[in-house]
file work15.txt (compact mmCIF, C-alpha atoms and all ligand atoms)
# COMPACT_ATOMS: atom_id res chain seq x y z
CA MET J 1 75.64 45.59 88.77
CA ARG J 2 75.69 48.56 86.44
CA ASN J 3 72.35 50.12 85.48
CA LEU J 4 71.69 49.13 81.86
CA ALA J 5 69.38 52.11 81.34
CA ASP J 6 72.25 54.49 82.01
CA HIS J 7 74.40 55.28 78.96
CA ASP J 8 77.25 56.21 81.29
CA SER J 9 77.45 52.52 82.29
CA PHE J 10 78.98 51.95 78.85
CA THR J 11 81.53 54.74 78.58
CA ASP J 12 84.40 52.47 79.71
CA GLY J 13 83.31 49.81 77.26
CA VAL J 14 80.61 47.17 77.60
CA PRO J 15 80.03 46.23 81.27
CA HIS J 16 80.71 42.54 80.64
CA ALA J 17 80.94 41.77 84.36
CA THR J 18 77.36 42.98 84.83
CA PHE J 19 76.15 40.79 81.99
CA ALA J 20 78.04 37.78 83.39
CA GLN J 21 76.39 38.34 86.74
CA MET J 22 72.96 38.65 85.17
CA ARG J 23 73.44 35.46 83.15
CA ALA J 24 74.41 33.63 86.34
CA GLU J 25 72.07 35.14 88.91
CA ALA J 26 69.28 37.08 87.20
CA PRO J 27 68.70 35.71 83.71
CA LEU J 28 65.41 37.60 83.55
CA HIS J 29 66.37 40.95 84.98
CA TRP J 30 64.12 43.96 85.58
CA THR J 31 65.34 47.57 85.24
CA GLU J 32 63.14 50.24 86.79
CA ALA J 33 61.60 53.16 84.88
CA PHE J 34 64.17 55.65 83.64
CA ALA J 35 64.12 59.21 82.23
CA GLY J 36 60.37 59.25 81.65
CA ASN J 37 60.34 55.78 80.09
CA LYS J 38 58.84 52.56 81.44
CA GLY J 39 61.13 49.89 82.91
CA PHE J 40 62.19 46.85 80.91
CA TRP J 41 63.18 43.21 81.16
CA SER J 42 66.61 42.01 80.02
CA LEU J 43 67.34 38.60 78.55
CA THR J 44 71.05 37.86 78.75
CA ARG J 45 71.44 34.10 78.18
CA HIS J 46 72.09 32.84 74.66
CA ALA J 47 69.31 30.23 74.81
CA ASP J 48 66.68 32.73 76.02
CA ILE J 49 67.64 35.38 73.45
CA LEU J 50 67.54 32.86 70.63
CA ALA J 51 64.17 31.46 71.76
CA ALA J 52 62.65 34.96 72.00
CA ASN J 53 64.09 36.01 68.67
CA ARG J 54 62.58 32.91 67.05
CA ASP J 55 59.13 33.74 68.42
CA PRO J 56 58.03 37.11 66.99
CA ALA J 57 54.38 36.29 67.72
CA THR J 58 55.20 36.52 71.44
CA PHE J 59 58.16 38.92 71.32
CA SER J 60 56.98 41.53 68.86
CA SER J 61 58.98 44.20 67.03
CA ALA J 62 55.81 46.06 66.09
CA GLN J 63 55.76 48.46 69.05
CA GLY J 64 59.31 49.72 68.67
CA ILE J 65 62.77 48.18 68.84
CA ARG J 66 64.58 50.82 70.89
CA ILE J 67 64.68 50.99 74.68
CA GLU J 68 62.70 54.25 74.83
CA ASP J 69 58.90 54.27 74.80
CA GLN J 70 57.15 55.57 71.70
CA THR J 71 53.61 56.84 71.23
CA ARG J 72 51.67 55.07 68.49
CA GLU J 73 51.98 58.24 66.40
CA GLU J 74 55.77 58.31 66.77
CA TYR J 75 55.99 54.63 66.02
CA LEU J 76 53.99 54.99 62.81
CA ALA J 77 56.01 58.02 61.68
CA ARG J 78 59.40 56.42 62.26
CA ARG J 79 58.98 52.72 61.67
CA THR J 80 60.70 50.69 59.02
CA PHE J 81 60.03 47.05 58.20
CA GLN J 82 62.44 46.30 61.04
CA GLU J 83 59.69 47.52 63.36
CA THR J 84 57.05 45.15 61.99
CA ASP J 85 56.25 41.46 62.49
CA PRO J 86 55.59 38.64 60.06
CA PRO J 87 53.74 38.43 57.74
CA GLU J 88 53.74 42.23 57.22
CA HIS J 89 57.50 42.31 57.73
CA PHE J 90 58.22 39.91 54.91
CA ALA J 91 56.12 41.87 52.44
CA THR J 92 58.77 44.61 52.55
CA ARG J 93 61.82 42.50 53.27
CA ARG J 94 60.97 40.58 50.09
CA ILE J 95 61.41 43.78 48.06
CA VAL J 96 64.87 44.56 49.37
CA GLN J 97 66.46 41.25 50.34
CA GLY J 98 67.59 40.24 46.84
CA ALA J 99 70.06 43.12 46.73
CA PHE J 100 71.74 41.89 49.93
CA ALA J 101 71.91 38.17 49.05
CA LYS J 102 75.24 36.43 49.49
CA PRO J 103 75.92 35.86 45.75
CA VAL J 104 74.98 39.46 44.91
CA ILE J 105 77.28 40.82 47.61
CA ALA J 106 80.05 38.45 46.53
CA ARG J 107 80.17 40.38 43.24
CA PHE J 108 81.42 43.37 45.21
CA GLU J 109 84.54 41.55 46.36
CA GLY J 110 86.74 43.20 43.72
CA VAL J 111 85.57 46.67 44.72
CA VAL J 112 85.97 45.90 48.43
CA ARG J 113 89.50 44.63 47.81
CA GLU J 114 90.52 47.60 45.72
CA LEU J 115 89.28 50.00 48.40
CA ALA J 116 90.74 48.00 51.30
CA ARG J 117 94.12 47.66 49.61
CA ASP J 118 94.32 51.39 49.17
CA ILE J 119 93.04 52.23 52.67
CA VAL J 120 95.46 49.82 54.36
CA ALA J 121 98.36 51.03 52.20
CA ARG J 122 97.74 54.60 53.29
CA ALA J 123 97.46 53.53 56.93
CA VAL J 124 100.72 51.59 56.73
CA ALA J 125 102.43 54.60 55.18
CA GLN J 126 101.09 56.82 57.96
CA GLY J 127 102.29 54.32 60.57
CA THR J 128 100.92 55.81 63.75
CA GLY J 129 97.43 57.18 64.27
CA ASP J 130 93.81 56.46 65.04
CA GLY J 131 92.90 53.00 63.70
CA VAL J 132 89.24 54.00 63.46
CA ALA J 133 89.89 57.03 61.27
CA MET J 134 92.67 55.37 59.25
CA ILE J 135 90.97 52.03 58.52
CA ALA J 136 87.77 51.07 60.33
CA LYS J 137 85.70 54.08 59.29
CA GLU J 138 86.94 54.30 55.73
CA LEU J 139 85.95 51.00 54.17
CA PRO J 140 82.32 50.78 55.38
CA MET J 141 81.81 54.42 54.39
CA LYS J 142 83.09 53.90 50.86
CA MET J 143 81.15 50.65 50.50
CA LEU J 144 77.97 52.29 51.77
CA GLY J 145 78.27 54.70 48.85
CA ARG J 146 78.69 51.84 46.38
CA ILE J 147 75.85 49.79 47.84
CA LEU J 148 73.41 52.69 48.00
CA GLY J 149 74.54 54.15 44.71
CA VAL J 150 75.02 57.71 45.98
CA PRO J 151 77.85 60.09 44.95
CA ASP J 152 81.20 59.69 46.75
CA ALA J 153 81.22 63.44 47.40
CA ASP J 154 78.23 63.01 49.73
CA LEU J 155 79.70 60.22 51.86
CA ASP J 156 81.41 62.25 54.59
CA TRP J 157 78.19 64.15 55.14
CA LEU J 158 76.02 61.04 55.12
CA VAL J 159 78.30 59.24 57.56
CA GLU J 160 78.34 62.24 59.89
CA LYS J 161 74.53 62.18 59.91
CA GLY J 162 74.46 58.40 60.37
CA ASP J 163 76.82 58.78 63.35
CA ALA J 164 74.52 61.41 64.82
CA LEU J 165 71.58 58.99 64.56
CA ILE J 166 73.32 55.95 66.05
CA GLY J 167 75.34 58.04 68.52
CA ASN J 168 72.34 60.10 69.62
CA THR J 169 73.37 59.69 73.29
CA ASP J 170 77.01 60.72 72.86
CA PRO J 171 77.95 64.44 72.88
CA ASP J 172 80.83 63.72 70.47
CA PHE J 173 78.30 62.78 67.79
CA THR J 174 75.42 65.20 68.41
CA ASP J 175 74.51 68.39 70.24
CA THR J 176 71.04 66.98 70.78
CA VAL J 177 71.92 64.29 73.32
CA LEU J 178 68.82 62.17 73.77
CA ASP J 179 68.80 61.86 77.57
CA LYS J 180 70.18 65.35 78.27
CA VAL J 181 68.07 67.79 76.25
CA ASP J 182 64.44 68.03 75.20
CA THR J 183 64.12 66.15 71.89
CA SER J 184 60.34 66.39 71.60
CA ALA J 185 60.68 68.59 68.48
CA TYR J 186 62.20 65.54 66.75
CA ALA J 187 59.82 62.92 68.14
CA MET J 188 58.60 62.02 64.64
CA MET J 189 62.12 61.77 63.20
CA PRO J 190 64.41 58.73 63.06
CA PHE J 191 66.26 58.32 66.39
CA ARG J 192 64.51 61.52 67.64
CA SER J 193 67.41 63.30 65.99
CA PRO J 194 67.76 66.54 64.00
CA ALA J 195 70.05 64.55 61.70
CA GLY J 196 66.92 62.60 60.78
CA VAL J 197 65.42 65.80 59.34
CA GLU J 198 68.47 66.33 57.13
CA LEU J 199 68.50 62.74 55.96
CA TYR J 200 64.79 62.95 55.15
CA ASP J 201 65.58 65.97 52.97
CA TYR J 202 68.30 64.02 51.19
CA ALA J 203 65.90 61.10 50.63
CA ASP J 204 63.28 63.53 49.34
CA ALA J 205 65.81 64.79 46.81
CA ILE J 206 66.37 61.21 45.62
CA LEU J 207 62.63 60.61 45.35
CA ASP J 208 62.18 63.84 43.36
CA GLY J 209 65.03 63.00 41.01
CA ALA J 210 67.11 65.96 42.22
CA LYS J 211 69.79 63.66 43.63
CA PRO J 212 71.01 61.01 41.22
CA VAL J 213 71.49 57.41 42.31
CA THR J 214 73.29 54.79 40.24
CA ASP J 215 71.40 52.07 38.39
CA ASP J 216 73.20 49.25 40.20
CA GLY J 217 72.65 50.54 43.76
CA ILE J 218 70.12 49.26 46.28
CA LEU J 219 68.15 52.52 46.30
CA ARG J 220 67.42 52.33 42.57
CA CYS J 221 66.44 48.69 43.00
CA VAL J 222 64.01 49.59 45.79
CA LEU J 223 62.59 52.58 43.89
CA ASP J 224 61.92 50.43 40.82
CA ALA J 225 60.66 47.32 42.62
CA GLU J 226 57.14 46.12 42.11
CA GLY J 227 55.09 47.29 45.08
CA ALA J 228 57.81 49.87 45.82
CA LEU J 229 57.90 51.58 49.21
CA ASP J 230 55.75 54.66 49.71
CA ARG J 231 57.53 58.00 50.36
CA LEU J 232 57.69 57.76 54.12
CA ALA J 233 58.71 54.10 54.06
CA PHE J 234 61.47 54.92 51.57
CA LYS J 235 62.78 57.78 53.69
CA ASN J 236 62.84 55.65 56.82
CA PHE J 237 64.49 52.78 54.93
CA PHE J 238 67.12 55.19 53.65
CA CYS J 239 67.85 56.38 57.21
CA LEU J 240 68.03 52.77 58.41
CA LEU J 241 70.64 51.95 55.78
CA VAL J 242 72.72 55.06 56.45
CA ALA J 243 72.68 54.22 60.18
CA ALA J 244 72.89 50.43 60.11
CA GLY J 245 75.11 50.05 57.09
CA ASN J 246 77.97 52.04 58.42
CA ASP J 247 78.80 52.20 62.12
CA THR J 248 78.25 48.53 62.85
CA THR J 249 80.84 47.35 60.35
CA ARG J 250 83.19 50.16 61.39
CA TYR J 251 83.04 49.03 65.00
CA SER J 252 83.55 45.38 64.08
CA ILE J 253 86.71 46.26 62.16
CA ALA J 254 87.79 48.51 65.03
CA MET J 255 87.30 45.67 67.52
CA ALA J 256 89.38 43.39 65.31
CA LEU J 257 92.15 46.01 65.17
CA TYR J 258 91.98 46.47 68.95
CA LEU J 259 92.25 42.76 69.71
CA LEU J 260 95.02 42.25 67.16
CA ALA J 261 97.01 45.25 68.36
CA ARG J 262 96.72 44.01 71.95
CA ASP J 263 98.02 40.56 71.18
CA PRO J 264 100.92 40.19 68.70
CA ALA J 265 100.51 36.39 68.64
CA LEU J 266 96.92 36.79 67.50
CA PHE J 267 97.99 38.97 64.59
CA ASP J 268 100.69 36.44 63.70
CA ALA J 269 98.00 33.77 63.64
CA VAL J 270 95.83 35.87 61.34
CA ARG J 271 98.85 36.54 59.12
CA SER J 272 99.39 32.79 58.73
CA GLY J 273 96.41 32.95 56.37
CA GLN J 274 94.70 29.89 57.88
CA TYR J 275 91.75 31.67 59.46
CA PHE J 276 90.41 34.18 56.96
CA ASP J 277 87.15 32.26 56.56
CA THR J 278 86.34 32.18 60.27
CA ALA J 279 88.22 35.01 61.98
CA GLY J 280 85.81 37.76 60.87
CA ASP J 281 82.83 36.15 62.58
CA GLU J 282 84.82 35.73 65.77
CA PHE J 283 85.70 39.42 65.81
CA ILE J 284 82.07 40.30 65.08
CA ARG J 285 80.99 38.06 68.00
CA LEU J 286 83.38 39.87 70.34
CA ALA J 287 82.38 43.28 68.97
CA SER J 288 78.59 42.74 69.02
CA PRO J 289 78.17 46.31 67.77
CA THR J 290 74.39 46.41 68.25
CA LEU J 291 74.28 45.57 71.93
CA HIS J 292 70.56 44.84 72.03
CA PHE J 293 67.28 45.18 70.24
CA ARG J 294 63.97 45.47 72.01
CA ARG J 295 60.80 43.43 71.68
CA THR J 296 57.38 43.84 73.34
CA ALA J 297 55.52 40.92 74.95
CA THR J 298 52.19 40.19 73.28
CA ARG J 299 51.01 37.95 76.19
CA ASP J 300 52.00 37.05 79.74
CA ILE J 301 55.08 34.80 79.82
CA ASP J 302 56.39 32.85 82.81
CA LEU J 303 60.17 32.63 82.73
CA HIS J 304 62.80 31.90 85.37
CA GLY J 305 60.24 32.18 88.16
CA GLN J 306 58.86 35.59 87.13
CA THR J 307 56.12 36.82 84.83
CA ILE J 308 56.67 39.11 81.88
CA ARG J 309 53.34 40.91 81.43
CA GLU J 310 51.68 41.59 78.11
CA GLY J 311 52.94 44.98 76.89
CA ASP J 312 56.24 44.81 78.79
CA LYS J 313 59.44 45.74 76.97
CA VAL J 314 61.98 42.91 76.69
CA LEU J 315 65.57 43.59 75.62
CA LEU J 316 67.52 40.90 73.80
CA TRP J 317 71.14 41.60 74.78
CA PHE J 318 72.96 39.99 71.85
CA VAL J 319 76.24 41.21 73.33
CA SER J 320 75.65 39.12 76.43
CA GLY J 321 74.46 36.00 74.62
CA ASN J 322 77.63 36.21 72.59
CA ARG J 323 79.73 35.69 75.72
CA ASP J 324 77.60 32.98 77.31
CA ALA J 325 79.94 30.21 78.50
CA GLU J 326 77.13 27.65 78.01
CA VAL J 327 77.64 28.09 74.28
CA PHE J 328 81.12 29.56 73.83
CA ASP J 329 84.18 27.92 75.31
CA GLN J 330 86.45 30.66 76.78
CA PRO J 331 83.90 33.28 75.71
CA ASP J 332 86.14 36.33 76.20
CA THR J 333 89.02 34.92 74.17
CA PRO J 334 89.31 35.32 70.39
CA ILE J 335 89.49 31.79 68.94
CA LEU J 336 90.04 32.34 65.25
CA ASP J 337 88.75 28.95 64.16
CA ARG J 338 86.02 28.66 66.76
CA PRO J 339 83.95 25.64 65.72
CA SER J 340 80.29 26.36 64.95
CA ASN J 341 80.35 30.01 65.92
CA ARG J 342 76.68 30.37 66.93
CA ASN J 343 76.95 34.06 67.65
CA LEU J 344 73.92 36.34 67.68
CA ALA J 345 75.53 39.60 66.58
CA PHE J 346 73.39 39.78 63.42
CA GLY J 347 70.17 38.80 65.22
CA GLN J 348 70.49 35.23 63.98
CA GLY J 349 67.47 32.98 64.36
CA GLY J 350 64.87 35.71 63.97
CA PRO J 351 62.95 37.06 60.98
CA HIS J 352 64.95 40.30 61.17
CA VAL J 353 68.36 38.67 60.81
CA CYS J 354 70.66 41.33 59.44
CA LEU J 355 70.37 41.98 55.72
CA GLY J 356 73.86 43.46 55.61
CA MET J 357 75.65 40.50 57.18
CA TRP J 358 77.24 39.22 53.98
CA LEU J 359 78.56 42.67 53.21
CA ALA J 360 79.90 43.15 56.74
CA ARG J 361 81.56 39.72 56.70
CA LEU J 362 83.10 40.38 53.30
CA GLU J 363 84.54 43.69 54.48
CA LEU J 364 85.96 42.11 57.64
CA ARG J 365 87.60 39.27 55.72
CA VAL J 366 89.15 41.50 53.09
CA VAL J 367 90.48 43.96 55.67
CA LEU J 368 92.10 41.09 57.57
CA GLU J 369 93.62 39.78 54.34
CA GLU J 370 94.97 43.17 53.33
CA LEU J 371 96.36 43.89 56.80
CA SER J 372 98.06 40.51 56.78
CA ARG J 373 99.65 41.24 53.40
CA GLN J 374 100.71 44.78 54.08
CA ALA J 375 101.59 44.91 57.79
CA LYS J 376 104.01 42.98 59.94
CA ALA J 377 102.81 44.12 63.34
CA LEU J 378 100.16 46.19 65.08
CA THR J 379 100.83 47.89 68.38
CA LEU J 380 98.25 49.29 70.77
CA LEU J 381 99.37 52.73 71.93
CA ASP J 382 96.45 53.49 74.23
CA GLU J 383 93.05 52.10 75.19
CA PRO J 384 90.15 52.94 72.85
CA ALA J 385 87.54 55.61 73.57
CA TRP J 386 84.05 54.08 73.66
CA THR J 387 80.75 55.58 72.56
CA ARG J 388 78.39 56.69 75.32
CA SER J 389 75.53 54.38 74.43
CA ASN J 390 73.70 51.35 75.74
CA PHE J 391 72.63 50.55 72.18
CA ILE J 392 75.86 50.52 70.18
CA CYS J 393 79.31 49.29 71.14
CA GLY J 394 81.22 52.05 69.40
CA VAL J 395 84.96 52.49 69.24
CA LYS J 396 85.44 56.23 68.76
CA SER J 397 89.21 56.19 68.56
CA LEU J 398 91.97 53.61 68.76
CA PRO J 399 95.59 54.78 68.93
CA ILE J 400 97.77 52.21 67.14
CA ARG J 401 101.02 51.80 65.28
CA ILE J 402 101.15 49.76 62.09
CA THR J 403 104.54 48.39 61.16
CA ALA J 404 105.37 47.59 57.56
CA PRO J 405 107.16 44.29 56.79
C1 LIG B 501 78.86 43.92 61.69
C2 LIG B 501 77.93 44.66 61.12
C3 LIG B 501 76.46 44.57 61.45
C4 LIG B 501 75.83 44.14 62.58
C5 LIG B 501 76.46 43.61 63.87
C6 LIG B 501 74.40 44.26 62.37
C7 LIG B 501 73.42 43.88 63.28
C8 LIG B 501 72.09 43.73 62.98
C9 LIG B 501 71.10 43.14 63.85
C10 LIG B 501 71.36 42.58 65.25
C11 LIG B 501 69.91 43.16 63.20
C12 LIG B 501 68.58 42.58 63.70
C13 LIG B 501 67.75 43.64 64.35
C14 LIG B 501 66.50 43.12 65.02
O1 LIG B 501 66.48 41.97 65.46
O2 LIG B 501 65.54 43.90 65.11
C15 LIG B 501 70.12 43.81 61.94
C16 LIG B 501 69.14 44.07 61.01
C17 LIG B 501 69.37 44.80 59.86
N1 LIG B 501 70.59 45.20 59.35
FE1 LIG B 501 72.40 44.91 60.20
N2 LIG B 501 74.20 44.77 61.12
C18 LIG B 501 75.43 44.97 60.52
C19 LIG B 501 75.65 45.47 59.26
C20 LIG B 501 74.68 45.89 58.39
C21 LIG B 501 74.91 46.47 57.10
C22 LIG B 501 76.30 46.65 56.48
C23 LIG B 501 73.69 46.77 56.58
C24 LIG B 501 73.31 47.42 55.27
C25 LIG B 501 74.12 47.85 54.35
C26 LIG B 501 72.69 46.36 57.55
C27 LIG B 501 71.33 46.49 57.39
C28 LIG B 501 70.37 45.90 58.20
C29 LIG B 501 68.94 45.95 57.93
C30 LIG B 501 68.27 46.62 56.74
C31 LIG B 501 68.30 45.25 58.98
C32 LIG B 501 66.79 45.03 59.17
C33 LIG B 501 66.40 43.66 58.67
C34 LIG B 501 64.96 43.30 58.98
O3 LIG B 501 64.33 43.91 59.85
O4 LIG B 501 64.45 42.37 58.35
N3 LIG B 501 73.32 45.84 58.63
N4 LIG B 501 71.46 44.14 61.81
call {"tool": "encode", "arguments": {"input": "work15.txt", "output": "structure tokens", "more": "lines below"}}
Ligand code: HEM
result
Amino acid sequence: MRNLADHDSFTDGVPHATFAQMRAEAPLHWTEAFAGNKGFWSLTRHADILAANRDPATFSSAQGIRIEDQTREEYLARRTFQETDPPEHFATRRIVQGAFAKPVIARFEGVVRELARDIVARAVAQGTGDGVAMIAKELPMKMLGRILGVPDADLDWLVEKGDALIGNTDPDFTDTVLDKVDTSAYAMMPFRSPAGVELYDYADAILDGAKPVTDDGILRCVLDAEGALDRLAFKNFFCLLVAAGNDTTRYSIAMALYLLARDPALFDAVRSGQYFDTAGDEFIRLASPTLHFRRTATRDIDLHGQTIREGDKVLLWFVSGNRDAEVFDQPDTPILDRPSNRNLAFGQGGPHVCLGMWLARLELRVVLEELSRQAKALTLLDEPAWTRSNFICGVKSLPIRITAP
């Protein structure tokens, strides 16, 4: 079994064999203390993850949601509403959720299509290259700009900073690698990252009116909302969106490209046009870009013959639940019309279920539609490079060829 605390366990891709073994033999698995942090429990079965996610009173988000320990001071400085429990959680979610609702996001379909059409056209013209840079990175980045309401000219910079937050354990994304160098100077910053400082400055500029945001973007909506967020809450929310709203969708699109380029018959099936409504969710299930989120036990819990003690960290490995054969027939195989796809990639079942899921799904669907229209075949030229992280399943590069009809 690979050590789940070790980011190097994930550099060849997700260690699915380890998760399969844990689901079968150690469904409540303990990992010892690591790099100055306390040990943690892992839940890897779909049913256990769902049950824990549905029970925030027992499995709390209000002591941190990352694997690393936080002091109370760090927690308070860095938390967003994602790191709170009901009913406090809903008080903030209520302010922002309207902007992410399915019908509101559906209004963006024209913009998504226009961008995707152009991005795919350029990729087809280029023919051979990195599928992440050509397609997967582009659309979420451009849409992040539209959704937030920030200038297009700032997007490359914002995405670079978002990558540095999410990829804070990968030397390709940051010089301040979390488990390699002393990050105590950034303990109060999002993801303990210097990029958090820069993003705070950008958010400050928005708050002070020095950086314009559009009237139809989410940031304006949050700034104007009744009971609007205070300064620190706004800055942390901004960092959350820059981080969460970008890489996750990029890596879902990248996983779709990878699976399609590996299997010509699968791309032919997508091109038949029969599966656009369901294929995206299947690729998101197989991608599971956020591998886990953490909870903290608020009481002793007996489970699978062991006791989780009050205060213990418990990791919900969505990536593992998403390949649990108890729930998914042929779990490692893409089945484009998988009936009742009960995947957990968006944290389904819990109060924190992803706000961006309708946007991510829309982007996936439109990319698949545009690829189907504009390309005849995809060819995998080499295996992808994966992000060094036990938190995010990141595809850093994906050499492919796109063949025009
Ligand atoms: C395929 C793409 C995505 C995946 C797999 C994903 C995954 C998740 C997961 C698993 C959670 C729950 C976290 C928890 O239980 O603590 C979550 C929450 C969240 N996501 Fe996403 N996400 C995606 C895209 C997005 C996008 C595009 C946005 C914004 C533009 C976004 C914004 C958020 C926010 C704000 C939350 C916190 C919600 C809350 O705490 O109530 N996500 N996401």
call {"tool": "residues_around", "arguments": {"input": "work15.txt", "residues": "Phe234 (chain J)", "least_positions_apart": "3", "cutoff": "12 Å", "atoms": "all atoms listed in the file", "output": "PyMOL selection string"}}
result
chain J and resi 77-81+92+95-96+199-207+218-225+227-231+237-241
call {"tool": "axis_aligned_box", "arguments": {"input": "work15.txt", "around": "ligand LIG 501 (chain B)", "padding_each_side": "4 Å", "output": "JSON"}}
result
{"center_x": 71.6, "center_y": 44.9, "center_z": 59.9, "size_x": 22.5, "size_y": 13.9, "size_z": 19.1}
call {"tool": "atom_distance", "arguments": {"input": "work15.txt", "atom1": "CA of Leu364 (chain J)", "atom2": "CA of Phe283 (chain J)"}}
result
8.6 Å
call {"tool": "closest_residue", "arguments": {"input": "work15.txt", "among": "J:Gln306, J:Thr183, J:Gln374, J:Ser193", "to": "Leu165 (chain J)", "atoms": "all atoms listed in the file"}}
result
J:Ser193
call {"tool": "closest_atom_pairs", "arguments": {"input": "work15.txt", "of": "chain J", "to": "ligand LIG 501 (chain B)", "cutoff": "6 Å", "atoms": "only C-alpha atoms and all ligand atoms", "output": "JSON lines"}}
result
{"residue": "J:Phe81", "atom": "CA", "partner": "B:LIG501", "partner_atom": "O3", "distance": 5.6}
{"residue": "J:Gln82", "atom": "CA", "partner": "B:LIG501", "partner_atom": "O3", "distance": 3.3}
{"residue": "J:Arg93", "atom": "CA", "partner": "B:LIG501", "partner_atom": "O4", "distance": 5.7}
{"residue": "J:Leu241", "atom": "CA", "partner": "B:LIG501", "partner_atom": "C24", "distance": 5.3}
{"residue": "J:Ala244", "atom": "CA", "partner": "B:LIG501", "partner_atom": "C26", "distance": 4.8}
{"residue": "J:Gly245", "atom": "CA", "partner": "B:LIG501", "partner_atom": "C21", "distance": 3.6}
{"residue": "J:Asn246", "atom": "CA", "partner": "B:LIG501", "partner_atom": "C22", "distance": 6.0}
{"residue": "J:Thr248", "atom": "CA", "partner": "B:LIG501", "partner_atom": "C2", "distance": 4.3}
{"residue": "J:Thr249", "atom": "CA", "partner": "B:LIG501", "partner_atom": "C2", "distance": 4.0}
{"residue": "J:Ser252", "atom": "CA", "partner": "B:LIG501", "partner_atom": "C1", "distance": 5.5}
{"residue": "J:Ile284", "atom": "CA", "partner": "B:LIG501", "partner_atom": "C1", "distance": 5.9}
{"residue": "J:Ser288", "atom": "CA", "partner": "B:LIG501", "partner_atom": "C5", "distance": 5.6}
{"residue": "J:Pro289", "atom": "CA", "partner": "B:LIG501", "partner_atom": "C5", "distance": 5.0}
{"residue": "J:Thr290", "atom": "CA", "partner": "B:LIG501", "partner_atom": "C5", "distance": 5.6}
{"residue": "J:Phe293", "atom": "CA", "partner": "B:LIG501", "partner_atom": "O2", "distance": 5.6}
{"residue": "J:Ala345", "atom": "CA", "partner": "B:LIG501", "partner_atom": "C5", "distance": 4.9}
{"residue": "J:Phe346", "atom": "CA", "partner": "B:LIG501", "partner_atom": "C10", "distance": 3.9}
{"residue": "J:Gly347", "atom": "CA", "partner": "B:LIG501", "partner_atom": "C10", "distance": 4.0}
{"residue": "J:His352", "atom": "CA", "partner": "B:LIG501", "partner_atom": "O4", "distance": 3.5}
{"residue": "J:Val353", "atom": "CA", "partner": "B:LIG501", "partner_atom": "C12", "distance": 4.9}
{"residue": "J:Cys354", "atom": "CA", "partner": "B:LIG501", "partner_atom": "C16", "distance": 3.5}
{"residue": "J:Leu355", "atom": "CA", "partner": "B:LIG501", "partner_atom": "C28", "distance": 4.6}
{"residue": "J:Gly356", "atom": "CA", "partner": "B:LIG501", "partner_atom": "C23", "distance": 3.5}
{"residue": "J:Met357", "atom": "CA", "partner": "B:LIG501", "partner_atom": "C19", "distance": 5.4}
{"residue": "J:Leu359", "atom": "CA", "partner": "B:LIG501", "partner_atom": "C22", "distance": 5.6}
{"residue": "J:Ala360", "atom": "CA", "partner": "B:LIG501", "partner_atom": "C22", "distance": 5.0}
call {"tool": "residues_near_point", "arguments": {"input": "work15.txt", "point": "(69.4, 62.1, 73.1)", "cutoff": "10 Å", "atoms": "only C-alpha atoms", "output": "VMD selection string"}}
result
chain J and resid 164 to 165 167 to 171 174 to 183 191 to 193 389
call {"tool": "residues_near_point", "arguments": {"input": "work15.txt", "point": "(77.9, 53.1, 64.4)", "cutoff": "6 Å", "atoms": "all atoms listed in the file", "output": "PDB file with C-alpha atoms, in the frame of the given file"}}
result
ATOM      1  CA  ASP J 163      76.820  58.780  63.350  1.00  0.00           C
ATOM      2  CA  ILE J 166      73.320  55.950  66.050  1.00  0.00           C
ATOM      3  CA  ASP J 247      78.800  52.200  62.120  1.00  0.00           C
ATOM      4  CA  THR J 248      78.250  48.530  62.850  1.00  0.00           C
TER       5      THR J 248
END
call {"tool": "residues_around", "arguments": {"input": "work15.txt", "residues": "region 12-22 of chain J", "least_positions_apart": "4", "cutoff": "9 Å", "atoms": "only C-alpha atoms", "output": "number ranges by chain"}}
result
J: 1-4, 8, 26-29, 42-45, 291, 317, 319-321, 323-324, 384-388, 390, 393-395
call {"tool": "build_atoms", "arguments": {"input": "work15.txt", "residues": "region 165-171 of chain J", "atoms": "N, CA and C atoms", "output": "mmCIF file, in the frame of the given file"}}
result
data_model
loop_
_atom_site.group_PDB
_atom_site.id
_atom_site.type_symbol
_atom_site.label_atom_id
_atom_site.label_comp_id
_atom_site.auth_asym_id
_atom_site.auth_seq_id
_atom_site.Cartn_x
_atom_site.Cartn_y
_atom_site.Cartn_z
ATOM 1 N N LEU J 165 72.746 59.816 64.237
ATOM 2 C CA LEU J 165 71.580 58.990 64.560
ATOM 3 C C LEU J 165 71.960 57.912 65.576
ATOM 4 N N ILE J 166 72.944 57.103 65.199
ATOM 5 C CA ILE J 166 73.320 55.950 66.050
ATOM 6 C C ILE J 166 73.911 56.445 67.369
ATOM 7 N N GLY J 167 74.689 57.522 67.309
ATOM 8 C CA GLY J 167 75.340 58.040 68.520
ATOM 9 C C GLY J 167 74.519 59.134 69.167
ATOM 10 N N ASN J 168 73.195 58.993 69.135
ATOM 11 C CA ASN J 168 72.340 60.100 69.620
ATOM 12 C C ASN J 168 72.402 60.303 71.139
ATOM 13 N N THR J 169 73.201 59.493 71.837
ATOM 14 C CA THR J 169 73.370 59.690 73.290
ATOM 15 C C THR J 169 74.802 60.094 73.635
ATOM 16 N N ASP J 170 75.612 60.376 72.614
ATOM 17 C CA ASP J 170 77.010 60.720 72.860
ATOM 18 C C ASP J 170 77.284 62.147 72.367
ATOM 19 N N PRO J 171 77.732 63.036 73.274
ATOM 20 C CA PRO J 171 77.950 64.440 72.880
ATOM 21 C C PRO J 171 79.017 64.614 71.801
#
